[in-house]
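Chemist: Following this line is protein_21.txt, made up of compact mmCIF, C-alpha atoms:
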# COMPACT_ATOMS: atom_id res chain seq x y z
CA MET A 112 -188.40 -139.13 -100.20
CA ILE A 113 -186.67 -137.90 -103.36
CA PRO A 114 -186.33 -140.91 -105.69
CA PHE A 115 -183.34 -141.46 -107.91
CA ASN A 116 -185.47 -141.72 -111.04
CA MET A 117 -189.02 -141.15 -112.25
CA PRO A 118 -190.02 -142.16 -115.81
CA ALA A 119 -190.73 -139.13 -117.98
CA ARG A 120 -194.36 -138.28 -118.61
CA THR A 121 -195.50 -135.04 -120.24
CA GLY A 122 -199.27 -135.64 -120.10
CA HIS A 123 -199.70 -136.18 -123.83
CA GLU A 124 -199.04 -139.92 -123.78
CA ASP A 125 -202.62 -140.97 -122.90
CA GLN A 126 -204.06 -139.60 -126.14
CA PHE A 127 -201.67 -141.58 -128.34
CA VAL A 128 -201.91 -144.78 -126.29
CA MET A 129 -205.73 -144.68 -126.42
CA ASP A 130 -205.55 -144.17 -130.16
CA ALA A 131 -203.37 -147.27 -130.42
CA ILE A 132 -205.76 -149.24 -128.18
CA ASN A 133 -208.68 -148.36 -130.43
CA ALA A 134 -206.80 -149.17 -133.63
CA SER A 135 -207.48 -152.31 -135.62
CA ALA A 136 -203.85 -153.48 -135.25
CA MET A 137 -201.88 -153.43 -131.98
CA SER A 138 -198.86 -155.51 -132.95
CA GLY A 139 -195.61 -153.91 -134.01
CA ASN A 140 -194.72 -152.29 -137.31
CA ASN A 141 -197.95 -150.38 -137.61
CA LYS A 142 -198.87 -146.68 -137.34
CA TYR A 143 -196.86 -145.63 -134.30
CA THR A 144 -193.88 -147.85 -135.07
CA LYS A 145 -193.58 -146.13 -138.44
CA LEU A 146 -194.04 -142.67 -136.94
CA CYS A 147 -191.25 -143.28 -134.41
CA GLU A 148 -188.92 -144.65 -137.05
CA SER A 149 -189.60 -141.75 -139.41
CA TRP A 150 -188.91 -139.29 -136.59
CA PHE A 151 -185.53 -140.90 -135.92
CA GLU A 152 -184.58 -141.08 -139.56
CA ARG A 153 -185.29 -137.36 -139.97
CA HIS A 154 -183.60 -136.45 -136.70
CA LEU A 155 -180.44 -138.45 -137.37
CA SER A 156 -180.41 -138.44 -141.17
CA CYS A 157 -179.58 -142.15 -140.98
CA LYS A 158 -180.26 -144.83 -143.58
CA ARG A 159 -182.84 -146.62 -141.42
CA ALA A 160 -184.07 -146.77 -137.84
CA LEU A 161 -185.77 -149.94 -136.60
CA LEU A 162 -187.87 -149.80 -133.43
CA VAL A 163 -187.25 -152.86 -131.25
CA THR A 164 -188.12 -154.22 -127.84
CA SER A 165 -184.97 -153.01 -126.06
CA CYS A 166 -181.48 -151.67 -126.55
CA THR A 167 -180.26 -155.11 -125.50
CA HIS A 168 -182.10 -156.66 -128.43
CA ALA A 169 -180.79 -153.95 -130.75
CA LEU A 170 -177.25 -154.94 -129.71
CA GLU A 171 -178.05 -158.62 -130.23
CA MET A 172 -179.30 -157.82 -133.73
CA ALA A 173 -176.09 -155.88 -134.37
CA ALA A 174 -174.02 -158.91 -133.37
CA ILE A 175 -175.94 -161.10 -135.82
CA LEU A 176 -175.69 -158.53 -138.61
CA LEU A 177 -171.92 -158.35 -138.19
CA ASP A 178 -171.75 -162.14 -138.36
CA ILE A 179 -169.95 -162.45 -135.03
CA GLN A 180 -168.74 -166.02 -134.57
CA ASP A 181 -166.70 -168.19 -132.22
CA GLY A 182 -163.19 -166.83 -131.86
CA ASP A 183 -163.97 -163.29 -133.01
CA GLU A 184 -162.81 -160.49 -130.74
CA VAL A 185 -164.98 -157.51 -129.86
CA ILE A 186 -163.53 -154.50 -128.04
CA VAL A 187 -165.82 -153.13 -125.31
CA PRO A 188 -165.11 -150.75 -122.42
CA SER A 189 -165.22 -152.58 -119.11
CA TYR A 190 -167.17 -149.69 -117.58
CA THR A 191 -170.57 -150.31 -119.14
CA PHE A 192 -173.82 -152.24 -118.73
CA VAL A 193 -173.64 -155.98 -119.29
CA SER A 194 -175.62 -155.88 -122.56
CA SER A 195 -172.77 -154.07 -124.33
CA ALA A 196 -170.73 -157.26 -124.03
CA ASN A 197 -173.36 -159.96 -123.58
CA ALA A 198 -174.91 -159.42 -127.01
CA PHE A 199 -171.62 -160.43 -128.65
CA VAL A 200 -170.82 -163.21 -126.18
CA LEU A 201 -174.10 -164.85 -127.22
CA ARG A 202 -172.62 -165.19 -130.73
CA GLY A 203 -169.38 -166.71 -129.43
CA ALA A 204 -167.16 -163.62 -129.25
CA LYS A 205 -164.26 -163.08 -126.91
CA ILE A 206 -164.57 -159.67 -125.24
CA ILE A 207 -161.48 -157.50 -125.10
CA PHE A 208 -162.02 -155.06 -122.26
CA ALA A 209 -160.79 -151.51 -122.88
CA GLU A 210 -159.71 -148.81 -120.46
CA VAL A 211 -161.71 -145.61 -120.03
CA ASP A 212 -160.69 -141.99 -120.32
CA PRO A 213 -160.64 -140.63 -116.73
CA THR A 214 -162.23 -137.36 -117.87
CA THR A 215 -165.39 -138.73 -119.51
CA LEU A 216 -165.41 -142.41 -118.49
CA ASN A 217 -165.81 -143.22 -122.19
CA ILE A 218 -163.55 -145.70 -123.97
CA ASP A 219 -159.99 -144.34 -124.21
CA ALA A 220 -159.49 -143.88 -127.96
CA GLY A 221 -155.79 -143.23 -127.38
CA GLN A 222 -155.23 -146.83 -126.23
CA LEU A 223 -157.69 -148.45 -128.61
CA GLU A 224 -155.28 -149.35 -131.41
CA LYS A 225 -153.14 -151.38 -128.99
CA LEU A 226 -156.10 -153.76 -128.51
CA VAL A 227 -156.62 -154.50 -132.21
CA THR A 228 -155.56 -157.93 -133.48
CA SER A 229 -156.22 -159.94 -136.62
CA LYS A 230 -159.26 -161.39 -134.82
CA THR A 231 -160.88 -158.04 -133.99
CA LYS A 232 -164.33 -157.97 -135.61
CA ALA A 233 -165.99 -155.00 -133.93
CA ILE A 234 -165.54 -152.06 -131.59
CA VAL A 235 -168.39 -151.02 -129.29
CA PRO A 236 -167.88 -147.46 -128.02
CA VAL A 237 -170.32 -146.70 -125.18
CA HIS A 238 -171.31 -143.05 -124.86
CA TYR A 239 -171.44 -142.67 -121.09
CA ALA A 240 -173.85 -140.24 -119.39
CA GLY A 241 -175.00 -138.76 -122.70
CA VAL A 242 -171.48 -137.60 -123.59
CA SER A 243 -170.09 -138.81 -126.91
CA CYS A 244 -166.92 -140.84 -127.28
CA ASP A 245 -164.16 -139.51 -129.52
CA MET A 246 -165.78 -140.90 -132.64
CA HIS A 247 -163.31 -139.21 -134.98
CA ASP A 248 -160.36 -141.19 -133.66
CA ILE A 249 -162.39 -144.38 -133.18
CA MET A 250 -163.63 -144.40 -136.78
CA ASN A 251 -160.13 -143.66 -138.07
CA ILE A 252 -158.81 -146.76 -136.29
CA ALA A 253 -161.79 -148.86 -137.39
CA ASN A 254 -161.41 -147.84 -141.02
CA LYS A 255 -157.65 -148.44 -140.92
CA TYR A 256 -158.15 -152.09 -139.91
CA GLY A 257 -161.50 -152.78 -141.59
CA ILE A 258 -163.37 -153.15 -138.29
CA LYS A 259 -167.09 -152.53 -137.83
CA VAL A 260 -168.27 -150.06 -135.17
CA VAL A 261 -171.47 -150.39 -133.12
CA GLU A 262 -172.23 -147.24 -131.14
CA ASP A 263 -173.92 -148.08 -127.83
CA ALA A 264 -175.87 -144.84 -127.58
CA ALA A 265 -178.33 -146.14 -124.99
CA GLN A 266 -177.99 -142.94 -122.94
CA CYS A 267 -177.58 -140.51 -125.82
CA ILE A 268 -180.91 -139.45 -127.28
CA ASP A 269 -180.36 -135.93 -128.68
CA SER A 270 -176.64 -135.76 -127.82
CA ARG A 271 -174.21 -134.48 -130.43
CA TYR A 272 -170.57 -134.87 -131.41
CA LYS A 273 -168.96 -132.22 -133.59
CA ASN A 274 -172.43 -130.82 -134.35
CA ARG A 275 -173.79 -134.13 -135.63
CA PRO A 276 -176.15 -136.43 -133.70
CA VAL A 277 -174.61 -139.27 -131.76
CA GLY A 278 -175.48 -142.52 -133.51
CA VAL A 279 -174.56 -141.58 -137.09
CA TYR A 280 -170.83 -142.31 -136.95
CA GLY A 281 -170.69 -146.08 -136.54
CA HIS A 282 -171.91 -148.70 -139.00
CA LEU A 283 -174.68 -149.41 -136.49
CA ALA A 284 -175.98 -147.68 -133.36
CA THR A 285 -178.38 -148.59 -130.60
CA PHE A 286 -180.62 -146.47 -128.36
CA SER A 287 -182.60 -147.29 -125.22
CA PHE A 288 -186.08 -146.19 -124.18
CA HIS A 289 -185.98 -147.90 -120.79
CA GLU A 290 -187.79 -146.01 -118.05
CA THR A 291 -184.46 -144.77 -116.65
CA LYS A 292 -183.58 -142.97 -119.90
CA ASN A 293 -184.50 -139.41 -120.90
CA ILE A 294 -187.50 -140.69 -122.85
CA THR A 295 -189.27 -144.01 -122.55
CA ALA A 296 -191.56 -146.28 -124.51
CA GLY A 297 -193.61 -146.88 -121.38
CA GLY A 298 -190.91 -148.84 -119.55
CA GLU A 299 -188.94 -150.74 -122.20
CA GLY A 300 -187.93 -150.19 -125.81
CA GLY A 301 -184.98 -149.64 -128.11
CA MET A 302 -183.87 -148.59 -131.57
CA LEU A 303 -181.37 -150.05 -134.00
CA VAL A 304 -179.91 -147.38 -136.27
CA ILE A 305 -178.40 -148.57 -139.55
CA ASN A 306 -175.84 -146.36 -141.24
CA ASP A 307 -174.33 -149.07 -143.45
CA PRO A 308 -176.87 -149.70 -146.25
CA THR A 309 -175.49 -153.19 -146.91
CA LEU A 310 -176.92 -154.29 -143.54
CA LEU A 311 -180.43 -152.94 -144.03
CA ASP A 312 -182.28 -155.76 -145.80
CA ARG A 313 -181.05 -158.42 -143.40
CA ALA A 314 -181.83 -156.25 -140.37
CA GLU A 315 -185.48 -156.07 -141.37
CA ILE A 316 -185.56 -159.85 -141.83
CA LEU A 317 -184.00 -160.46 -138.40
CA ARG A 318 -186.59 -158.24 -136.75
CA GLU A 319 -189.39 -160.15 -138.46
CA LYS A 320 -188.39 -163.49 -136.91
CA GLY A 321 -186.21 -164.39 -139.87
CA THR A 322 -188.96 -163.98 -142.47
CA ASN A 323 -189.24 -161.79 -145.56
CA ARG A 324 -192.55 -160.39 -144.36
CA ARG A 325 -191.70 -156.77 -145.10
CA GLN A 326 -190.53 -157.53 -148.63
CA PHE A 327 -193.73 -159.51 -149.19
CA ALA A 328 -195.89 -156.66 -147.85
CA GLU A 329 -194.15 -154.27 -150.24
CA GLY A 330 -194.68 -156.61 -153.19
CA LYS A 331 -190.96 -157.27 -153.67
CA VAL A 332 -191.38 -161.06 -153.37
CA ASP A 333 -194.34 -163.30 -154.13
CA LYS A 334 -193.97 -165.58 -151.08
CA TYR A 335 -193.86 -164.86 -147.36
CA THR A 336 -191.47 -167.39 -145.86
CA TRP A 337 -188.60 -168.15 -143.48
CA VAL A 338 -185.30 -167.01 -145.01
CA ASP A 339 -182.83 -166.37 -142.13
CA ILE A 340 -182.38 -166.56 -138.39
CA GLY A 341 -184.19 -163.95 -136.33
CA SER A 342 -186.52 -163.37 -133.41
CA SER A 343 -189.51 -161.35 -132.27
CA TYR A 344 -187.77 -158.01 -131.88
CA LEU A 345 -190.74 -155.76 -132.79
CA LEU A 346 -192.03 -153.36 -130.15
CA GLY A 347 -195.82 -153.36 -129.69
CA GLU A 348 -197.95 -150.42 -130.81
CA LEU A 349 -198.98 -149.32 -127.31
CA SER A 350 -195.34 -148.84 -126.36
CA ALA A 351 -194.60 -147.17 -129.68
CA ALA A 352 -197.50 -144.76 -129.14
CA TYR A 353 -196.16 -143.81 -125.70
CA LEU A 354 -192.73 -143.25 -127.20
CA TYR A 355 -194.04 -141.14 -130.07
CA ALA A 356 -195.75 -138.77 -127.64
CA GLN A 357 -192.42 -138.30 -125.89
CA LEU A 358 -190.55 -137.75 -129.15
CA LEU A 359 -192.96 -134.94 -130.02
CA ASN A 360 -192.22 -133.38 -126.62
CA LEU A 361 -188.50 -134.17 -126.58
CA GLN A 362 -187.39 -130.54 -126.41
CA GLN A 363 -189.52 -129.91 -123.32
CA ILE A 364 -188.01 -132.96 -121.62
CA GLN A 365 -184.46 -132.09 -122.63
CA ASP A 366 -184.74 -128.46 -121.56
CA ALA A 367 -185.96 -129.53 -118.13
CA ARG A 368 -183.20 -132.10 -117.67
CA MET A 369 -180.49 -129.69 -118.78
CA ALA A 370 -181.81 -127.08 -116.36
CA CYS A 371 -181.50 -129.65 -113.55
CA TRP A 372 -178.01 -130.66 -114.67
CA ASN A 373 -176.82 -127.03 -114.81
CA ASN A 374 -178.40 -126.32 -111.43
CA TYR A 375 -176.45 -129.19 -109.86
CA PHE A 376 -173.21 -128.11 -111.53
CA GLU A 377 -173.49 -124.51 -110.36
CA SER A 378 -174.58 -125.46 -106.84
CA LEU A 379 -171.71 -127.93 -106.31
CA SER A 380 -168.92 -126.00 -108.03
CA LYS A 381 -167.64 -124.55 -104.76
CA LEU A 382 -167.17 -128.04 -103.33
CA GLU A 383 -165.05 -128.93 -106.36
CA LEU A 384 -162.93 -125.81 -105.85
CA LEU A 385 -162.42 -126.85 -102.24
CA GLY A 386 -161.27 -130.29 -103.40
CA HIS A 387 -164.13 -132.30 -101.88
CA LEU A 388 -165.50 -133.78 -105.09
CA GLN A 389 -165.05 -133.88 -108.85
CA LEU A 390 -167.79 -132.71 -111.21
CA PRO A 391 -168.44 -133.94 -114.79
CA SER A 392 -166.24 -132.55 -117.54
CA ILE A 393 -167.75 -132.14 -121.01
CA PRO A 394 -165.34 -132.03 -124.00
CA SER A 395 -165.72 -129.03 -126.29
CA THR A 396 -166.61 -131.37 -129.17
CA CYS A 397 -169.68 -132.69 -127.34
CA GLN A 398 -173.18 -131.48 -126.58
CA HIS A 399 -174.63 -133.76 -123.92
CA ASN A 400 -178.28 -134.38 -123.03
CA GLY A 401 -178.36 -134.12 -119.24
CA HIS A 402 -178.86 -137.85 -118.87
CA ILE A 403 -176.80 -138.35 -115.71
CA PHE A 404 -175.42 -135.98 -113.12
CA HIS A 405 -172.58 -137.70 -111.31
CA ILE A 406 -169.97 -136.65 -108.82
CA ARG A 407 -166.76 -138.40 -107.92
CA VAL A 408 -165.62 -138.52 -104.32
CA LYS A 409 -162.43 -139.63 -102.60
CA ASP A 410 -162.89 -143.42 -102.58
CA ILE A 411 -165.39 -146.23 -102.17
CA GLU A 412 -165.65 -145.73 -98.41
CA SER A 413 -166.42 -142.02 -98.78
CA ARG A 414 -169.01 -142.85 -101.42
CA ALA A 415 -170.77 -145.37 -99.20
CA LYS A 416 -170.91 -142.89 -96.33
CA LEU A 417 -172.30 -140.10 -98.51
CA ILE A 418 -174.94 -142.37 -100.05
CA ASP A 419 -176.01 -143.46 -96.57
CA TYR A 420 -176.05 -139.86 -95.36
CA LEU A 421 -178.29 -138.76 -98.21
CA LYS A 422 -180.57 -141.78 -97.72
CA ALA A 423 -181.04 -140.79 -94.09
CA LYS A 424 -182.15 -137.37 -95.38
CA GLY A 425 -184.68 -138.99 -97.72
CA ILE A 426 -182.57 -138.76 -100.89
CA ILE A 427 -181.84 -141.79 -103.05
CA SER A 428 -178.45 -141.65 -104.78
CA VAL A 429 -176.67 -144.61 -106.33
CA PHE A 430 -173.33 -145.73 -107.72
CA HIS A 431 -173.10 -147.21 -111.19
CA TYR A 432 -171.48 -150.16 -112.97
CA VAL A 433 -169.23 -152.73 -111.39
CA PRO A 434 -166.54 -153.10 -114.11
CA LEU A 435 -167.33 -156.07 -116.32
CA HIS A 436 -163.75 -157.37 -116.31
CA SER A 437 -164.03 -157.96 -112.55
CA SER A 438 -167.35 -159.85 -112.78
CA PRO A 439 -167.56 -163.66 -112.74
CA MET A 440 -168.81 -163.80 -116.33
CA GLY A 441 -166.37 -161.13 -117.49
CA LYS A 442 -163.46 -163.21 -116.21
CA LYS A 443 -164.84 -166.21 -118.09
CA VAL A 444 -165.45 -164.68 -121.53
CA GLY A 445 -163.21 -161.63 -121.57
CA HIS A 446 -159.62 -160.52 -121.55
CA ASN A 447 -158.06 -157.25 -120.40
CA PRO A 448 -154.56 -156.78 -121.84
CA PHE A 449 -154.01 -153.80 -119.53
CA ASN A 450 -154.66 -153.69 -115.80
CA LEU A 451 -157.56 -151.20 -116.23
CA ALA A 452 -156.41 -149.24 -113.20
CA ILE A 453 -158.40 -146.16 -114.20
CA THR A 454 -161.61 -148.15 -114.62
CA ASN A 455 -161.09 -149.81 -111.24
CA LYS A 456 -160.38 -146.52 -109.49
CA GLU A 457 -163.09 -144.34 -111.04
CA SER A 458 -165.83 -146.95 -110.75
CA GLN A 459 -165.32 -146.88 -106.98
CA ARG A 460 -165.54 -143.08 -106.74
CA ILE A 461 -168.54 -142.24 -108.88
CA MET A 462 -172.06 -141.72 -107.59
CA ARG A 463 -175.17 -140.45 -109.35
CA LEU A 464 -177.65 -137.92 -108.01
CA PRO A 465 -181.42 -137.85 -108.70
CA LEU A 466 -182.17 -136.46 -112.15
CA TYR A 467 -185.47 -136.79 -113.97
CA PHE A 468 -188.13 -134.82 -115.79
CA GLY A 469 -190.19 -133.18 -113.04
CA LEU A 470 -187.41 -132.82 -110.47
CA LYS A 471 -187.98 -129.44 -108.82
CA ASN A 472 -185.45 -126.68 -108.13
CA GLU A 473 -186.25 -126.80 -104.42
CA GLN A 474 -185.48 -130.52 -104.38
CA ILE A 475 -182.11 -129.91 -106.03
CA ALA A 476 -181.46 -127.13 -103.51
CA PHE A 477 -182.15 -129.57 -100.67
CA ILE A 478 -179.94 -132.28 -102.20
CA THR A 479 -176.99 -129.96 -102.73
CA GLN A 480 -177.47 -128.44 -99.26
CA CYS A 481 -177.23 -131.93 -97.76
CA ILE A 482 -174.08 -132.68 -99.75
CA ASN A 483 -172.53 -129.43 -98.54
CA GLN A 484 -173.44 -130.31 -94.96
CA TYR A 485 -171.86 -133.74 -95.32
CA PHE A 486 -168.53 -132.31 -96.41
CA GLN A 487 -168.61 -129.67 -93.68
CA MET A 488 -168.75 -132.57 -91.22
CA ASN A 489 -166.15 -134.64 -93.11
CA LEU A 490 -163.46 -132.18 -94.08
CA HIS A 491 -160.91 -134.98 -94.51
CA ASP A 492 -162.84 -136.39 -97.49
CA CYS A 493 -160.95 -134.66 -100.26
CA VAL A 494 -160.38 -135.77 -103.86
CA SER A 495 -157.64 -133.22 -104.64
CA ALA A 496 -154.92 -135.51 -103.32
CA VAL A 497 -156.36 -138.41 -105.33
CA ASN A 498 -156.22 -136.44 -108.58
CA SER A 499 -152.89 -134.67 -108.06
Could I get this file's structure written as structure tokens?

Modeler:
Amino acid sequence: MIPFNMPARTGHEDQFVMDAINASAMSGNNKYTKLCESWFERHLSCKRALLVTSCTHALEMAAILLDIQDGDEVIVPSYTFVSSANAFVLRGAKIIFAEVDPTTLNIDAGQLEKLVTSKTKAIVPVHYAGVSCDMHDIMNIANKYGIKVVEDAAQCIDSRYKNRPVGVYGHLATFSFHETKNITAGGEGGMLVINDPTLLDRAEILREKGTNRRQFAEGKVDKYTWVDIGSSYLLGELSAAYLYAQLLNLQQIQDARMACWNNYFESLSKLELLGHLQLPSIPSTCQHNGHIFHIRVKDIESRAKLIDYLKAKGIISVFHYVPLHSSPMGKKVGHNPFNLAITNKESQRIMRLPLYFGLKNEQIAFITQCINQYFQMNLHDCVSAVNS
């Protein structure tokens, strides 16, 4: 069986985790927390990076920092994970669902301005599959109307847009270290990146359960007390140690993933030329990180048949998000001014192939051989008519 995902492990994690186990302090904000944060701050050249328990919690912190309240509107692409919207719904926001660009499946910056109203408080561009959104146009619109931007960069460790790291364009950005991402903090973890310095002091208070603990530790105040709302968002040291080992070996992981991604692309290019499927398209302004390799087939029925065919061959492939605007909760808390026809259509065509650190060339050869065999037996499954 070829699984869809395997958490990355380079072999260096044990040393750092054992060091954390033997340390005198295992709670968050100690040695390995600080090492991970320093790595990110150097890598991104951001104002501050705060290690947290998950990307979901990083988004929830962002919603609090932006003072999202009842009646505020937050623009989010419908084609994303639930946390991109849920974090703002928890603060009382109404979600305005945006259409995606059919090329990248990122938020369509060309239609974004039509969604802005006097109630718009934030825009949440989601960088899908490690490919950056058009942050130039998004920030121009945000700045024009005085709107804050939270980059959901959950899938984008080490991706770049116009030769700068993804995550440095918005006022805030969030990253994920879930086991399905390129690197992991041992299963769960996230990072809140702060590019707006006016949000920094409060962010540190929120992460420390609403206390001024950090200021007290640094001698900036003479009392350690409760000063704001907050929660226990700190990641533990064992998870931070696991993550730090992966950060030090990030290039090895990325090189391997990109080799897999390129192998898939080359091996399936002929099927795209024949009109059987559609491969990913990477804008010239973007450098992606090999997070996801997806193909798009004719329709939802063709996708289901191909997934079943691969499963029978011992290969696990999956589809991705059900659009949030079509979900029970999305209908309750959101609004889609447009019919989101592109989101509806593309979400039913896309499927993801196995891609992880440690996936072997011979496994990719077998997967692509099986896909070729499927289309040889199903010549009528053709996307060219769909895209014409």

Chemist: Would you list the contacts of region 343-357 of chain A as a PyMOL selection string, taking every protein, DNA or RNA residue within 7 Å and counting all atoms listed in the file, but skipping same-chain residues closer than 2 positions in sequence?

Modeler: chain A and resi 123-124+127-128+131-132+137-141+143-144+147+162-164+168+294-297+300+318-320+359-361

Chemist: Could you check how far CA of His399 (chain A) sits from CA of Met369 (chain A), in Å to one decimal?

Modeler: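 According to the coordinates, CA of His399 (chain A) and CA of Met369 (chain A) are separated by 8.8 Å.
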
Chemist: Report, in Å to a single decimal, how far apart CA of Ala233 (chain A) and CA of Ile249 (chain A) are.

Modeler: 11.2 Å

Chemist: What is the distance between CA of Glu315 (chain A) and CA of Gly298 (chain A), in Å to one decimal?

Modeler: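 CA of Gly298 (chain A) lies at a distance of 23.6 Å from CA of Glu315 (chain A).
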
Chemist: Taking 5 positions as the minimum chain separation for residues in the same chain, which residues sit within 6 Å of region 181-193 of chain A when counting only C-alpha atoms? Answer as a PyMOL selection string.

Modeler: chain A and resi 203-209+218+230-235+434-436

Chemist: Would you please work out which residue, of A:Phe404, A:Phe199, A:Tyr280, A:Tyr467, is nearest to Lys158 (chain A) when using all atoms listed in the file?

Modeler: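 Answer, going by the shortest atom-to-atom distance: A:Tyr280.
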
Chemist: Just want the 9 Å neighbourhood of Asn274 (chain A), counted on all atoms listed in the file, with same-chain residues fewer than 2 positions away dropped. Output as a list in words.

Modeler: Arg271, Tyr272, Pro276, Thr396, Cys397 and Gln398 of chain A

Chemist: With only C-alpha atoms as the counted atoms, please give the residues lying no more than 9 Å from region 260-264 of chain A, apart from itself and same-chain residues fewer than 2 positions off, as a ChimeraX atom specification.

Modeler: /A:166,170,173-174,195,232-239,241,243,249-250,253,258,266-268,277-287

Chemist: From the options A:Ser413, A:Asn450, A:Gln474, A:Ser428, which residue's atoms come nearest to Leu490 (chain A), counting only C-alpha atoms?

Modeler: A:Ser413

Chemist: Nearest to Ile426 (chain A): which of A:Ala476, A:Ile403, A:Leu385, A:Cys244 is it, counting all atoms listed in the file?

Modeler: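 Answer, going by the shortest atom-to-atom distance: A:Ala476.
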
Chemist: From the list A:Lys442, A:His289, A:Lys409, A:His402, which residue is nearest Gln365 (chain A) when using all atoms listed in the file?

Modeler: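 With all atoms listed in the file as the atom set, the closest residue is A:His402.
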
Chemist: Around (-160.1, -141.0, -124.8) in the file's frame, which residues reach within 12 Å when counting all atoms listed in the file? Return as an NGL selection string?

Modeler: :A and (188 or 209-224 or 236-238 or 242-249 or 394 or 453)

Chemist: Measuring between only C-alpha atoms, which one of A:Ile340, A:Ala119, A:Leu417, A:Leu466 shows the shortest distance to Asn373 (chain A)?

Modeler: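 Smallest separation from Asn373 (chain A) among the options: A:Leu466.
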
Chemist: Give me the residues within 10 Å of Asp366 (chain A) as a VMD selection string, counting only C-alpha atoms and dropping any in the same chain fewer than 5 places off.

Modeler: chain A and resid 361 371 to 372 400 to 401 468

Chemist: Keeping only C-alpha atoms, take the residues you just selected and write them out as a short mmCIF file (atom, residue, chain, number, x, y, z; two decimals), in the frame of the given file.

Modeler:
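File produced: selection_3.cif:
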data_model
loop_
_atom_site.label_atom_id
_atom_site.label_comp_id
_atom_site.auth_asym_id
_atom_site.auth_seq_id
_atom_site.Cartn_x
_atom_site.Cartn_y
_atom_site.Cartn_z
CA LEU A 361 -188.50 -134.17 -126.58
CA CYS A 371 -181.50 -129.65 -113.55
CA TRP A 372 -178.01 -130.66 -114.67
CA ASN A 400 -178.28 -134.38 -123.03
CA GLY A 401 -178.36 -134.12 -119.24
CA PHE A 468 -188.13 -134.82 -115.79
#

Chemist: Start from the incomplete input, build N, CA, C and O atoms for region 124-135 of chain A, and deliver everything as a JSON list (two decimals), in the frame of the given file.

Modeler:
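Output (rebuild-v8.json):
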[["chain", "number", "residue", "atom", "x", "y", "z"],
["A", 124, "GLU", "N", -199.16, -138.52, -123.40],
["A", 124, "GLU", "CA", -199.04, -139.92, -123.78],
["A", 124, "GLU", "C", -200.40, -140.62, -123.86],
["A", 124, "GLU", "O", -200.60, -141.48, -124.74],
["A", 125, "ASP", "N", -201.34, -140.26, -122.97],
["A", 125, "ASP", "CA", -202.62, -140.97, -122.90],
["A", 125, "ASP", "C", -203.36, -140.93, -124.24],
["A", 125, "ASP", "O", -203.94, -141.93, -124.68],
["A", 126, "GLN", "N", -203.34, -139.78, -124.88],
["A", 126, "GLN", "CA", -204.06, -139.60, -126.14],
["A", 126, "GLN", "C", -203.55, -140.58, -127.21],
["A", 126, "GLN", "O", -204.35, -141.22, -127.90],
["A", 127, "PHE", "N", -202.24, -140.71, -127.31],
["A", 127, "PHE", "CA", -201.67, -141.58, -128.34],
["A", 127, "PHE", "C", -201.87, -143.05, -127.99],
["A", 127, "PHE", "O", -202.15, -143.87, -128.87],
["A", 128, "VAL", "N", -201.73, -143.39, -126.70],
["A", 128, "VAL", "CA", -201.91, -144.78, -126.29],
["A", 128, "VAL", "C", -203.36, -145.21, -126.51],
["A", 128, "VAL", "O", -203.62, -146.32, -127.00],
["A", 129, "MET", "N", -204.32, -144.34, -126.19],
["A", 129, "MET", "CA", -205.73, -144.68, -126.42],
["A", 129, "MET", "C", -206.02, -144.83, -127.90],
["A", 129, "MET", "O", -206.80, -145.71, -128.31],
["A", 130, "ASP", "N", -205.38, -144.02, -128.72],
["A", 130, "ASP", "CA", -205.55, -144.17, -130.16],
["A", 130, "ASP", "C", -205.04, -145.53, -130.62],
["A", 130, "ASP", "O", -205.68, -146.19, -131.45],
["A", 131, "ALA", "N", -203.91, -145.96, -130.06],
["A", 131, "ALA", "CA", -203.37, -147.27, -130.42],
["A", 131, "ALA", "C", -204.27, -148.40, -129.92],
["A", 131, "ALA", "O", -204.47, -149.41, -130.60],
["A", 132, "ILE", "N", -204.85, -148.23, -128.73],
["A", 132, "ILE", "CA", -205.76, -149.24, -128.18],
["A", 132, "ILE", "C", -206.98, -149.41, -129.08],
["A", 132, "ILE", "O", -207.46, -150.52, -129.31],
["A", 133, "ASN", "N", -207.46, -148.31, -129.61],
["A", 133, "ASN", "CA", -208.68, -148.36, -130.43],
["A", 133, "ASN", "C", -208.41, -148.69, -131.89],
["A", 133, "ASN", "O", -209.34, -148.78, -132.70],
["A", 134, "ALA", "N", -207.15, -148.87, -132.24],
["A", 134, "ALA", "CA", -206.80, -149.17, -133.63],
["A", 134, "ALA", "C", -207.12, -150.64, -133.94],
["A", 134, "ALA", "O", -207.28, -151.47, -133.05],
["A", 135, "SER", "N", -207.17, -150.94, -135.21],
["A", 135, "SER", "CA", -207.48, -152.31, -135.62],
["A", 135, "SER", "C", -206.28, -153.24, -135.48],
["A", 135, "SER", "O", -206.44, -154.45, -135.47]]
